[in-house]
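Input: a single structure, listed below in structure tokens.
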Amino acid sequence: MLSLGYQTENEIDINGKTYLVDMSYDNIIRLFDLLEDPTISDLDKIFIGMKMLLDCNVLKEDETCDGEMLAAALLAIETEFIIDKGNGEPLVDLQGNPMPQPKSKELYSLKHDADYIYASFIQAYGIDLIEVQGELDWRKFNALLQGLPTDTKFKEVIDIRQRPFATGKGSQKENKNLRELKNIYALPGHNVEEGE
């Protein structure tokens, strides 16, 4: 998570040694692709992921870096640097019981919406994401992505995906147009029927 009061941390301690984590946004996106790849074993994902994030040569010299320890380190990097957990506290009701978590609908994909994201960053910030690969920190990229203005293509697509269908008299034509737009901009595997 990005903090305005402190320097952005990119170091992690593993077995008493400090390693620099490559937190460039494009590296983290490639890490997500790796972790979602069904053709790669979990153990290989751990070793490849750590090679992507850290100076792998240093890890090879450390004989105590086994798969289990690297898995714990990868999880620590994910929770510390990559995943925004909010304050980490579960939502509770007045009696202190955990609240049911709503199913979150996937509104965008860094992979499938790359064109919209790229165009929107240039439009809103004048940032060419190709030119800043290897430089722009993931946390800064994520903050800029979430803060894109509503008049950018990316935000327009998100608005279409989450816009509800109209109800009442005369809404049939409006809903037909919205359904067509939702299907045009749908993520792979998300065909839209009225009422969704």
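Letters for chains follow the order of the structure tokens (A, B, ...), residue numbers begin at 1 for each chain, and ligand numbers begin at 1 in the order shown.
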Could you pull the residues within 10 Å of segment 131-144 of chain A, counting only C-alpha atoms, minus those fewer than 6 positions along the same chain, as a ChimeraX atom specification? /A:1-3,8,10,22-29,81-84,121,124-125
Which residue, A:Gln162, A:Ser171, A:Ser120, A:Asn177, has the smallest gap to Pro149 of chain A when you use only C-alpha atoms? A:Ser120
Tyr108 of chain A: which residues within 8 Å, counting only C-alpha atoms, same-chain residues fewer than 4 positions away excluded, as number ranges by chain? A: 112-113, 158, 187
Just want the 9 Å neighbourhood of Ile14 of chain A, counted on only C-alpha atoms, with same-chain residues fewer than 3 positions away dropped. Output as a ChimeraX atom specification. /A:17-19,65,69-70,73
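Among the candidate residues A:Lys182, A:Met50, A:Glu80, A:Val21, the one lying nearest to Leu34 of chain A is A:Met50, with distances computed using only C-alpha atoms.
Straight-line separation from atom CA of Leu129 of chain A to atom CA of Thr39 of chain A: 28.5 Å.
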To one decimal place in Å, what is the distance between atom CA of Asn183 of chain A and atom CA of Pro38 of chain A?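 Distance between the two atoms: 26.5 Å.
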Show which residues sit within 8 Å of segment 46-48 of chain A, as a list of chain:residue names. Count only C-alpha atoms, and ignore same-chain residues fewer than 2 positions away.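 Counting only the stated atoms, we get A:Asp42, A:Leu43, A:Asp44, A:Met50, A:Lys51, A:Met52, A:Gly67, A:Leu70, A:Ala71, A:Leu74.
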